[in-house]
>>> print(open('coords-v2.pdb').read())   # PDB, C-alpha atoms
ATOM      1  CA  MET A1066     -61.177  10.209  17.938
ATOM      2  CA  ASN A1067     -62.596  12.543  15.314
ATOM      3  CA  GLN A1068     -59.659  14.527  14.018
ATOM      4  CA  GLN A1069     -61.974  16.990  12.267
ATOM      5  CA  GLN A1070     -63.179  18.421  15.546
ATOM      6  CA  PRO A1071     -61.031  20.741  17.658
ATOM      7  CA  ILE A1072     -59.827  19.155  20.873
ATOM      8  CA  SER A1073     -62.077  20.079  23.764
ATOM      9  CA  VAL A1074     -60.256  18.426  26.664
ATOM     10  CA  SER A1075     -56.669  17.327  27.077
ATOM     11  CA  ILE A1076     -56.352  14.692  29.808
ATOM     12  CA  ILE A1077     -52.879  14.925  31.309
ATOM     13  CA  LEU A1078     -51.176  12.359  33.519
ATOM     14  CA  VAL A1079     -47.696  12.394  35.040
ATOM     15  CA  ASN A1080     -46.228   8.993  35.826
ATOM     16  CA  TYR A1081     -43.331   7.911  37.972
ATOM     17  CA  ASN A1082     -42.895   4.172  38.542
ATOM     18  CA  GLY A1083     -46.620   3.523  38.480
ATOM     19  CA  VAL A1084     -46.669   0.223  36.626
ATOM     20  CA  TYR A1085     -49.112  -1.367  39.082
ATOM     21  CA  ILE A1086     -51.633   1.464  39.122
ATOM     22  CA  LEU A1087     -51.500   2.825  35.577
ATOM     23  CA  PRO A1088     -53.691   0.126  33.970
ATOM     24  CA  ASP A1089     -56.594   0.821  36.342
ATOM     25  CA  CYS A1090     -56.403   4.540  35.623
ATOM     26  CA  LEU A1091     -56.014   4.266  31.845
ATOM     27  CA  ASN A1092     -58.613   1.518  31.528
ATOM     28  CA  SER A1093     -61.136   3.647  33.406
ATOM     29  CA  ILE A1094     -60.476   6.597  31.094
ATOM     30  CA  GLN A1095     -60.880   4.346  28.074
ATOM     31  CA  LYS A1096     -64.110   2.915  29.479
ATOM     32  CA  PHE A1097     -65.897   6.065  30.578
ATOM     33  CA  ILE A1098     -64.601   9.036  28.576
ATOM     34  CA  ASP A1099     -66.669   8.805  25.411
ATOM     35  CA  ILE A1100     -66.567  12.387  24.191
ATOM     36  CA  PRO A1101     -64.957  12.238  20.725
ATOM     37  CA  ASN A1102     -62.840  15.386  20.930
ATOM     38  CA  HIS A1103     -60.364  14.571  23.679
ATOM     39  CA  GLU A1104     -56.736  13.554  23.859
ATOM     40  CA  ILE A1105     -54.644  11.793  26.491
ATOM     41  CA  ILE A1106     -51.068  12.870  27.165
ATOM     42  CA  LEU A1107     -48.925  10.966  29.641
ATOM     43  CA  VAL A1108     -45.549  12.285  30.742
ATOM     44  CA  ASP A1109     -43.233   9.676  32.194
ATOM     45  CA  ASN A1110     -40.713  11.108  34.643
ATOM     46  CA  ALA A1111     -37.854   8.692  33.895
ATOM     47  CA  SER A1112     -39.542   5.634  35.413
ATOM     48  CA  SER A1113     -37.437   2.514  35.928
ATOM     49  CA  ASP A1114     -40.239  -0.020  36.465
ATOM     50  CA  GLY A1115     -41.351  -0.572  32.880
ATOM     51  CA  SER A1116     -44.459   1.594  33.186
ATOM     52  CA  ALA A1117     -43.543   3.740  30.175
ATOM     53  CA  GLU A1118     -43.062   0.615  28.075
ATOM     54  CA  LEU A1119     -46.406  -0.710  29.305
ATOM     55  CA  VAL A1120     -48.146   2.424  28.049
ATOM     56  CA  GLU A1121     -46.260   2.342  24.766
ATOM     57  CA  SER A1122     -47.249  -1.282  24.107
ATOM     58  CA  ASN A1123     -50.823  -1.397  25.371
ATOM     59  CA  TYR A1124     -52.288   2.093  25.032
ATOM     60  CA  PRO A1125     -51.648   3.406  21.514
ATOM     61  CA  GLN A1126     -54.271   6.145  22.007
ATOM     62  CA  VAL A1127     -52.069   7.740  24.687
ATOM     63  CA  ARG A1128     -49.485  10.271  23.595
ATOM     64  CA  LEU A1129     -46.422   9.268  25.619
ATOM     65  CA  VAL A1130     -43.737  11.784  26.488
ATOM     66  CA  LYS A1131     -40.580  10.318  28.025
ATOM     67  CA  GLN A1132     -38.569  12.618  30.261
ATOM     68  CA  LEU A1133     -34.851  11.948  30.724
ATOM     69  CA  GLU A1134     -35.059  12.794  34.427
ATOM     70  CA  ASN A1135     -37.664  13.182  37.137
ATOM     71  CA  ARG A1136     -38.149  16.919  37.434
ATOM     72  CA  GLY A1137     -41.271  16.664  39.541
ATOM     73  CA  PHE A1138     -45.038  16.743  39.273
ATOM     74  CA  GLY A1139     -45.414  20.363  38.184
ATOM     75  CA  ALA A1140     -42.702  20.175  35.540
ATOM     76  CA  GLY A1141     -44.261  17.013  34.122
ATOM     77  CA  ASN A1142     -47.662  18.663  33.797
ATOM     78  CA  ASN A1143     -46.076  21.729  32.233
ATOM     79  CA  ALA A1144     -44.346  19.590  29.610
ATOM     80  CA  ALA A1145     -47.662  17.979  28.678
ATOM     81  CA  ALA A1146     -49.560  21.279  28.662
ATOM     82  CA  LYS A1147     -47.144  22.667  26.067
ATOM     83  CA  LEU A1148     -48.239  19.877  23.728
ATOM     84  CA  ALA A1149     -51.930  19.936  24.612
ATOM     85  CA  SER A1150     -54.522  21.241  22.162
ATOM     86  CA  GLY A1151     -57.584  21.221  24.409
ATOM     87  CA  GLU A1152     -59.639  24.215  25.451
ATOM     88  CA  PHE A1153     -59.569  22.638  28.907
ATOM     89  CA  LEU A1154     -56.906  20.635  30.708
ATOM     90  CA  PHE A1155     -57.890  17.793  33.019
ATOM     91  CA  LEU A1156     -54.895  16.991  35.188
ATOM     92  CA  LEU A1157     -55.256  13.531  36.708
ATOM     93  CA  ASN A1158     -53.055  11.603  39.090
ATOM     94  CA  THR A1159     -52.212   8.120  37.895
ATOM     95  CA  ASP A1160     -53.647   6.705  41.138
ATOM     96  CA  THR A1161     -57.152   7.847  40.222
ATOM     97  CA  VAL A1162     -59.914   5.681  38.772
ATOM     98  CA  LEU A1163     -62.935   7.082  36.964
ATOM     99  CA  ASN A1164     -66.362   5.574  37.555
ATOM    100  CA  SER A1165     -68.342   7.753  35.125
ATOM    101  CA  ASN A1166     -67.892  10.172  32.241
ATOM    102  CA  ILE A1167     -67.257  13.185  34.426
ATOM    103  CA  ILE A1168     -65.951  15.540  31.742
ATOM    104  CA  PRO A1169     -69.252  16.874  30.260
ATOM    105  CA  PRO A1170     -70.535  18.131  33.653
ATOM    106  CA  LEU A1171     -67.184  19.798  34.309
ATOM    107  CA  ILE A1172     -67.274  21.556  30.937
ATOM    108  CA  GLU A1173     -70.864  22.635  31.532
ATOM    109  CA  LEU A1174     -70.004  24.068  34.940
ATOM    110  CA  MET A1175     -66.989  25.899  33.512
ATOM    111  CA  GLN A1176     -68.949  27.355  30.595
ATOM    112  CA  ALA A1177     -71.739  28.576  32.865
ATOM    113  CA  ASP A1178     -69.446  31.176  34.451
ATOM    114  CA  PRO A1179     -66.443  32.702  32.645
ATOM    115  CA  GLN A1180     -64.921  33.629  36.005
ATOM    116  CA  VAL A1181     -64.572  29.984  37.007
ATOM    117  CA  GLY A1182     -60.993  29.033  36.235
ATOM    118  CA  ILE A1183     -60.435  25.783  38.135
ATOM    119  CA  ILE A1184     -62.768  22.976  39.228
ATOM    120  CA  GLY A1185     -62.114  20.096  41.573
ATOM    121  CA  PRO A1186     -64.535  17.129  41.518
ATOM    122  CA  LYS A1187     -65.392  15.069  44.571
ATOM    123  CA  LEU A1188     -62.704  12.549  45.498
ATOM    124  CA  LEU A1189     -63.534   9.200  47.054
ATOM    125  CA  ASN A1190     -61.404   6.673  48.892
ATOM    126  CA  PRO A1191     -61.332   3.164  47.408
ATOM    127  CA  ASP A1192     -64.054   2.131  49.879
ATOM    128  CA  GLY A1193     -66.334   4.886  48.561
ATOM    129  CA  SER A1194     -65.963   7.193  51.547
ATOM    130  CA  LEU A1195     -65.337  10.908  51.151
ATOM    131  CA  GLN A1196     -61.775  12.111  50.698
ATOM    132  CA  ILE A1197     -61.360  15.718  51.750
ATOM    133  CA  SER A1198     -59.996  17.477  48.678
ATOM    134  CA  VAL A1199     -60.307  21.206  49.376
ATOM    135  CA  SER A1200     -58.463  23.562  51.657
ATOM    136  CA  PRO A1201     -58.687  27.132  52.876
ATOM    137  CA  ALA A1202     -55.994  29.521  51.657
ATOM    138  CA  LEU A1203     -52.699  28.309  53.066
ATOM    139  CA  GLY A1204     -50.981  30.191  55.831
ATOM    140  CA  ILE A1205     -50.686  29.723  59.577
ATOM    141  CA  LYS A1206     -54.456  30.044  60.034
ATOM    142  CA  GLY A1207     -55.395  28.105  56.904
ATOM    143  CA  GLU A1208     -53.089  25.183  57.653
ATOM    144  CA  TYR A1209     -54.446  24.999  61.193
ATOM    145  CA  GLN A1210     -58.029  24.982  59.900
ATOM    146  CA  ALA A1211     -57.220  22.285  57.335
ATOM    147  CA  ARG A1212     -55.506  20.141  59.960
ATOM    148  CA  GLN A1213     -58.456  20.479  62.306
ATOM    149  CA  LEU A1214     -60.877  19.471  59.546
ATOM    150  CA  HIS A1215     -58.899  16.339  58.717
ATOM    151  CA  LYS A1216     -58.566  15.507  62.406
ATOM    152  CA  ALA A1217     -62.294  15.938  62.971
ATOM    153  CA  TYR A1218     -63.076  13.691  60.013
ATOM    154  CA  GLN A1219     -61.217  10.858  61.718
ATOM    155  CA  ASN A1220     -63.876  11.011  64.438
ATOM    156  CA  ILE A1221     -66.720   8.733  63.350
ATOM    157  CA  SER A1222     -69.269  10.833  65.222
ATOM    158  CA  GLN A1223     -68.386  13.901  63.111
ATOM    159  CA  GLN A1224     -68.027  12.282  59.704
ATOM    160  CA  HIS A1225     -71.663  12.602  58.659
ATOM    161  CA  LEU A1226     -71.768  16.293  59.581
ATOM    162  CA  ILE A1227     -68.591  16.994  57.631
ATOM    163  CA  GLU A1228     -69.810  15.006  54.622
ATOM    164  CA  GLN A1229     -72.958  17.143  54.543
ATOM    165  CA  LYS A1230     -70.775  20.211  54.013
ATOM    166  CA  PHE A1231     -69.419  18.605  50.854
ATOM    167  CA  GLN A1232     -72.803  18.041  49.204
ATOM    168  CA  GLU A1233     -73.097  21.395  47.427
ATOM    169  CA  ILE A1234     -71.137  23.179  44.721
ATOM    170  CA  ARG A1235     -69.169  25.947  46.375
ATOM    171  CA  GLU A1236     -66.312  28.321  45.855
ATOM    172  CA  VAL A1237     -63.124  27.328  47.675
ATOM    173  CA  ASP A1238     -59.542  28.533  47.926
ATOM    174  CA  ILE A1239     -57.753  25.322  46.934
ATOM    175  CA  VAL A1240     -58.626  22.012  45.281
ATOM    176  CA  VAL A1241     -56.065  19.227  45.359
ATOM    177  CA  GLY A1242     -54.166  18.351  42.216
ATOM    178  CA  ALA A1243     -55.289  14.712  41.985
ATOM    179  CA  ALA A1244     -58.150  15.773  39.695
ATOM    180  CA  PHE A1245     -57.714  19.334  38.518
ATOM    181  CA  PHE A1246     -59.862  20.793  35.727
ATOM    182  CA  ILE A1247     -58.579  24.134  34.421
ATOM    183  CA  ARG A1248     -59.010  26.405  31.426
ATOM    184  CA  SER A1249     -56.023  25.922  29.152
ATOM    185  CA  SER A1250     -55.850  29.670  28.542
ATOM    186  CA  LEU A1251     -55.607  30.321  32.291
ATOM    187  CA  PHE A1252     -52.964  27.650  32.795
ATOM    188  CA  HIS A1253     -50.773  29.246  30.135
ATOM    189  CA  GLU A1254     -51.551  32.777  31.332
ATOM    190  CA  LEU A1255     -50.201  31.782  34.743
ATOM    191  CA  GLY A1256     -47.144  30.126  33.234
ATOM    192  CA  GLY A1257     -48.260  26.719  34.456
ATOM    193  CA  PHE A1258     -46.994  25.238  37.673
ATOM    194  CA  ASP A1259     -44.036  26.830  39.407
ATOM    195  CA  GLU A1260     -41.364  24.194  38.841
ATOM    196  CA  ASN A1261     -39.515  25.211  42.000
ATOM    197  CA  PHE A1262     -42.105  22.993  43.700
ATOM    198  CA  PHE A1263     -40.843  19.479  42.991
ATOM    199  CA  MET A1264     -43.868  18.043  44.750
ATOM    200  CA  TYR A1265     -46.436  19.411  47.225
ATOM    201  CA  PHE A1266     -48.015  22.878  47.312
ATOM    202  CA  GLU A1267     -47.780  23.381  43.537
ATOM    203  CA  GLU A1268     -51.557  23.245  43.094
ATOM    204  CA  SER A1269     -52.044  25.522  46.112
ATOM    205  CA  ASP A1270     -49.685  28.024  44.498
ATOM    206  CA  LEU A1271     -51.493  27.789  41.149
ATOM    207  CA  CYS A1272     -54.898  28.265  42.803
ATOM    208  CA  GLN A1273     -53.567  31.278  44.695
ATOM    209  CA  ARG A1274     -52.225  32.855  41.509
ATOM    210  CA  ALA A1275     -55.503  32.171  39.694
ATOM    211  CA  GLN A1276     -57.342  34.023  42.455
ATOM    212  CA  TYR A1277     -54.932  36.931  42.116
ATOM    213  CA  GLN A1278     -56.161  37.167  38.522
ATOM    214  CA  GLY A1279     -59.788  37.263  39.661
ATOM    215  CA  TYR A1280     -60.741  33.665  38.835
ATOM    216  CA  LYS A1281     -62.892  31.425  41.009
ATOM    217  CA  ILE A1282     -61.952  27.934  42.187
ATOM    218  CA  ILE A1283     -64.966  25.646  42.443
ATOM    219  CA  TYR A1284     -65.543  22.337  44.196
ATOM    220  CA  THR A1285     -68.347  20.166  42.832
ATOM    221  CA  PRO A1286     -69.728  17.004  44.473
ATOM    222  CA  HIS A1287     -71.956  16.252  41.469
ATOM    223  CA  VAL A1288     -69.203  14.224  39.809
ATOM    224  CA  SER A1289     -66.671  12.050  41.564
ATOM    225  CA  LEU A1290     -63.789   9.646  41.080
ATOM    226  CA  ILE A1291     -61.676   7.345  43.214
ATOM    227  CA  HIS A1292     -58.277   8.458  44.439
ATOM    228  CA  VAL A1293     -56.061   5.697  45.813
ATOM    229  CA  LYS A1294     -53.788   8.400  47.245
ATOM    230  CA  GLY A1295     -50.049   8.518  47.547
ATOM    231  CA  TYR A1296     -48.848   5.436  45.641
ATOM    232  CA  SER A1297     -45.558   6.914  44.419
ATOM    233  CA  ILE A1298     -45.021   8.911  47.596
ATOM    234  CA  GLN A1299     -45.360   5.875  49.860
ATOM    235  CA  LYS A1300     -42.361   4.270  48.190
ATOM    236  CA  ALA A1301     -40.126   7.250  49.036
ATOM    237  CA  ALA A1302     -41.760   8.544  52.190
ATOM    238  CA  ASN A1303     -38.600   9.763  53.912
ATOM    239  CA  ALA A1304     -37.393  11.824  50.975
ATOM    240  CA  MET A1305     -40.881  13.214  50.431
ATOM    241  CA  SER A1306     -41.217  14.336  54.050
ATOM    242  CA  ILE A1307     -38.223  16.590  53.495
ATOM    243  CA  GLU A1308     -39.571  17.752  50.126
ATOM    244  CA  TYR A1309     -42.875  18.627  51.783
ATOM    245  CA  ARG A1310     -41.129  21.031  54.154
ATOM    246  CA  ARG A1311     -39.008  22.522  51.378
ATOM    247  CA  SER A1312     -42.147  23.264  49.348
ATOM    248  CA  GLN A1313     -43.989  24.572  52.408
ATOM    249  CA  ILE A1314     -41.238  27.090  53.137
ATOM    250  CA  TYR A1315     -41.102  28.162  49.493
ATOM    251  CA  PHE A1316     -44.882  28.655  49.377
ATOM    252  CA  TYR A1317     -44.715  30.910  52.439
ATOM    253  CA  GLN A1318     -41.903  32.871  50.802
ATOM    254  CA  LYS A1319     -44.081  33.537  47.778
ATOM    255  CA  HIS A1320     -47.408  34.273  49.420
ATOM    256  CA  ARG A1321     -47.197  34.922  53.155
ATOM    257  CA  PRO A1322     -45.965  37.924  55.173
ATOM    258  CA  ASP A1323     -42.560  37.895  56.872
ATOM    259  CA  TRP A1324     -43.975  37.288  60.335
ATOM    260  CA  GLU A1325     -45.713  34.105  59.166
ATOM    261  CA  GLN A1326     -42.528  32.889  57.509
ATOM    262  CA  LEU A1327     -40.627  33.443  60.743
ATOM    263  CA  LEU A1328     -43.325  31.792  62.844
ATOM    264  CA  LEU A1329     -43.332  28.763  60.538
ATOM    265  CA  ARG A1330     -39.588  28.328  60.815
ATOM    266  CA  ILE A1331     -39.659  28.645  64.607
ATOM    267  CA  TYR A1332     -42.438  26.083  64.845
ATOM    268  CA  LEU A1333     -40.685  23.627  62.532
ATOM    269  CA  LEU A1334     -37.343  24.016  64.334
ATOM    270  CA  TYR A1335     -39.056  23.337  67.651
ATOM    271  CA  LYS A1336     -40.950  20.358  66.234
ATOM    272  CA  PHE A1337     -38.077  18.609  64.483
ATOM    273  CA  PHE A1338     -35.412  19.434  67.069
ATOM    274  CA  GLY A1339     -37.643  17.738  69.637
ATOM    275  CA  GLU A1340     -38.141  14.758  67.337
ATOM    276  CA  PHE A1341     -34.422  14.426  66.709
ATOM    277  CA  ILE A1342     -33.594  14.551  70.422
ATOM    278  CA  THR A1343     -36.148  11.875  71.274
ATOM    279  CA  THR A1344     -35.852   9.571  68.237
ATOM    280  CA  ALA A1345     -32.504  10.401  66.570
ATOM    281  CA  ASN A1346     -34.393  10.309  63.262
ATOM    282  CA  PRO A1347     -31.903  11.416  60.567
ATOM    283  CA  ASN A1348     -34.718  12.961  58.523
ATOM    284  CA  SER A1349     -35.509  15.303  61.413
ATOM    285  CA  LEU A1350     -31.902  16.460  61.346
ATOM    286  CA  LYS A1351     -32.068  16.968  57.575
ATOM    287  CA  ILE A1352     -35.148  19.166  57.987
ATOM    288  CA  ILE A1353     -33.388  21.181  60.708
ATOM    289  CA  VAL A1354     -30.437  21.738  58.357
ATOM    290  CA  LEU A1355     -32.877  22.702  55.607
ATOM    291  CA  LEU A1356     -34.531  25.285  57.854
ATOM    292  CA  LEU A1357     -31.183  26.802  58.810
ATOM    293  CA  THR A1358     -29.730  26.914  55.309
ATOM    294  CA  ILE A1359     -32.567  27.454  52.831
ATOM    295  CA  LYS A1360     -32.328  30.859  51.217
ATOM    296  CA  LYS A1361     -35.162  33.270  50.677
ATOM    297  CA  ASN A1362     -35.067  32.785  46.918
ATOM    298  CA  ALA A1363     -38.713  33.490  46.128
ATOM    299  CA  VAL A1364     -40.295  36.784  45.272
ATOM    300  CA  LYS A1365     -43.789  37.377  46.631
ATOM    301  CA  VAL A1366     -46.465  37.383  43.968
ATOM    302  CA  SER A1367     -48.451  40.585  44.047
ATOM    303  CA  VAL A1368     -52.157  40.820  43.296
ATOM    304  CA  SER A1369     -51.402  42.916  40.240
ATOM    305  CA  ASN A1370     -49.180  40.248  38.613
TER     306      ASN A1370
END
>>> encode(input="coords-v2.pdb", output="structure tokens")
Amino acid sequence: MNQQQPISVSIILVNYNGVYILPDCLNSIQKFIDIPNHEIILVDNASSDGSAELVESNYPQVRLVKQLENRGFGAGNNAAAKLASGEFLFLLNTDTVLNSNIIPPLIELMQADPQVGIIGPKLLNPDGSLQISVSPALGIKGEYQARQLHKAYQNISQQHLIEQKFQEIREVDIVVGAAFFIRSSLFHELGGFDENFFMYFEESDLCQRAQYQGYKIIYTPHVSLIHVKGYSIQKAANAMSIEYRRSQIYFYQKHRPDWEQLLLRIYLLYKFFGEFITTANPNSLKIIVLLLTIKKNAVKVSVSN
């Protein structure tokens, strides 16, 4: 890396017990990212599987930051962003694999319009099929629309039609955080991720706040990468199902009107009470307790903020 040039892009990864997937991700970055003025920062969230040591021993070009505890995805990215020098931040999940040098097209797209604040590239499943990576603004209507889109994509007869809709650059409300390209100045202006989201909804919240500031969120299919999807989450699925609901409620507290918050809670109580009665699943009971005890501790973000 040419130290005489200012850093253009800071590639940021947050790792938690990803020893089996990290090499594929880091090797792909090393293979394809050939712009000289970039840096790689990896935050390890107190992994216990030797993944931090693997990075330390085998990837000297990576700046490793070891956290003493796992404070979540958003907090890990925030810690890295405070150290980053790049004009742009490229937040990557550790279960992604690059198949080309996608950074120059992302920079070009960002520089073409100063109102573009965030870009999400096309995500692919390991078999090369499309992975839906955008969402309408979250709320009762938006979540229903997103669910219907994902459901429709499971229907083979509709897949081609849906894939055609993802062939053009377009403005969207939300791009998923697996591959998240953002202006560093905007990230810091927004105060980074809200660390009250341990996992889930943090990128939706950041996109929403960027839009409040008048920035556009763009999806581009002209560059792509593979997303294995959910490696760390799969190993703690039960705990994460509860965390998902905690983050969902908090997001609604920040951004949705009171009637939507109430409707969400009623729906979730009905859903998980029914599940608990029929399956005696202890996680359903934990979510019911969460719904009945969680406090309204979030302040809505106004457009003027």
>>> closest_residue(input="coords-v2.pdb", among="A:Ile1342, A:Ala1244, A:Leu1195, A:Ala1202", to="Val1079 of chain A", atoms="all atoms listed in the file")
A:Ala1244
>>> closest_residue(input="coords-v2.pdb", among="A:Leu1156, A:Leu1091, A:Ile1205, A:Leu1333", to="Ile1353 of chain A", atoms="all atoms listed in the file")
A:Leu1333
>>> axis_aligned_box(input="coords-v2.pdb", around="segment 1260-1270 of chain A", padding_each_side="6 Å", output="JSON")
{"center_x": -45.8, "center_y": 23.0, "center_z": 43.1, "size_x": 24.5, "size_y": 22.0, "size_z": 20.5}
>>> resolve_selection(input="coords-v2.pdb", expression="the PyMOL selection byres ((chain A and resi 1175) around 12)", output="PyMOL selection string")
chain A and resi 1152-1154+1168-1174+1176-1185+1246-1249+1280-1285
>>> atom_distance(input="coords-v2.pdb", atom1="atom CA of Leu1157 of chain A", atom2="atom CA of Leu1078 of chain A")
5.3 Å
>>> resolve_selection(input="coords-v2.pdb", expression="the PyMOL selection byres ((chain A and resi 1134) around 7)", output="PDB file with C-alpha atoms, in the frame of the given file")
ATOM      1  CA  ASN A1110     -40.713  11.108  34.643  1.00  0.00           C
ATOM      2  CA  ALA A1111     -37.854   8.692  33.895  1.00  0.00           C
ATOM      3  CA  GLN A1132     -38.569  12.618  30.261  1.00  0.00           C
ATOM      4  CA  LEU A1133     -34.851  11.948  30.724  1.00  0.00           C
ATOM      5  CA  ASN A1135     -37.664  13.182  37.137  1.00  0.00           C
ATOM      6  CA  ARG A1136     -38.149  16.919  37.434  1.00  0.00           C
TER       7      ARG A1136
END
>>> residues_around(input="coords-v2.pdb", residues="Leu1255 of chain A", least_positions_apart="4", cutoff="8 Å", atoms="all atoms listed in the file", output="PyMOL selection string")
chain A and resi 1251+1271+1274-1275
>>> atom_distance(input="coords-v2.pdb", atom1="atom CA of Leu1163 of chain A", atom2="atom CA of Ser1289 of chain A")
7.7 Å
>>> residues_around(input="coords-v2.pdb", residues="Phe1097 of chain A", least_positions_apart="6", cutoff="9 Å", atoms="all atoms listed in the file", output="PDB file with C-alpha atoms, in the frame of the given file")
ATOM      1  CA  LEU A1163     -62.935   7.082  36.964  1.00  0.00           C
ATOM      2  CA  ASN A1164     -66.362   5.574  37.555  1.00  0.00           C
ATOM      3  CA  SER A1165     -68.342   7.753  35.125  1.00  0.00           C
ATOM      4  CA  ASN A1166     -67.892  10.172  32.241  1.00  0.00           C
ATOM      5  CA  ILE A1167     -67.257  13.185  34.426  1.00  0.00           C
TER       6      ILE A1167
END
>>> residues_near_point(input="coords-v2.pdb", point="(-32.1, 29.0, 56.9)", cutoff="12 Å", atoms="only C-alpha atoms", output="VMD selection string")
chain A and resid 1311 1314 to 1315 1326 to 1327 1329 to 1331 1333 to 1334 1352 to 1362
>>> atom_distance(input="coords-v2.pdb", atom1="atom CA of Gly1193 of chain A", atom2="atom CA of Leu1290 of chain A")
9.2 Å
>>> residues_around(input="coords-v2.pdb", residues="segment 1138-1140 of chain A", least_positions_apart="5", cutoff="9 Å", atoms="all atoms listed in the file", output="PyMOL selection string")
chain A and resi 1079-1080+1110+1145+1257-1265+1267-1268
>>> write_last_selection(input="coords-v2.pdb", atoms="C-alpha atoms", output="PDB file, keeping the file's coordinate frame")
ATOM      1  CA  VAL A1079     -47.696  12.394  35.040  1.00  0.00           C
ATOM      2  CA  ASN A1080     -46.228   8.993  35.826  1.00  0.00           C
ATOM      3  CA  ASN A1110     -40.713  11.108  34.643  1.00  0.00           C
ATOM      4  CA  ALA A1145     -47.662  17.979  28.678  1.00  0.00           C
ATOM      5  CA  GLY A1257     -48.260  26.719  34.456  1.00  0.00           C
ATOM      6  CA  PHE A1258     -46.994  25.238  37.673  1.00  0.00           C
ATOM      7  CA  ASP A1259     -44.036  26.830  39.407  1.00  0.00           C
ATOM      8  CA  GLU A1260     -41.364  24.194  38.841  1.00  0.00           C
ATOM      9  CA  ASN A1261     -39.515  25.211  42.000  1.00  0.00           C
ATOM     10  CA  PHE A1262     -42.105  22.993  43.700  1.00  0.00           C
ATOM     11  CA  PHE A1263     -40.843  19.479  42.991  1.00  0.00           C
ATOM     12  CA  MET A1264     -43.868  18.043  44.750  1.00  0.00           C
ATOM     13  CA  TYR A1265     -46.436  19.411  47.225  1.00  0.00           C
ATOM     14  CA  GLU A1267     -47.780  23.381  43.537  1.00  0.00           C
ATOM     15  CA  GLU A1268     -51.557  23.245  43.094  1.00  0.00           C
TER      16      GLU A1268
END
>>> residues_around(input="coords-v2.pdb", residues="Ala1243 of chain A", least_positions_apart="5", cutoff="9 Å", atoms="all atoms listed in the file", output="list in words")
Leu1156, Leu1157, Asn1158, Thr1159, Asp1160, Thr1161, Gly1185, Leu1188, Ser1198, His1292 and Lys1294 of chain A
>>> closest_residue(input="coords-v2.pdb", among="A:Gln1313, A:Ser1122, A:Gln1095, A:Gln1196", to="Ile1291 of chain A", atoms="all atoms listed in the file")
A:Gln1196
>>> closest_residue(input="coords-v2.pdb", among="A:Val1084, A:Ile1098, A:Cys1272, A:Ala1304", to="His1320 of chain A", atoms="all atoms listed in the file")
A:Cys1272
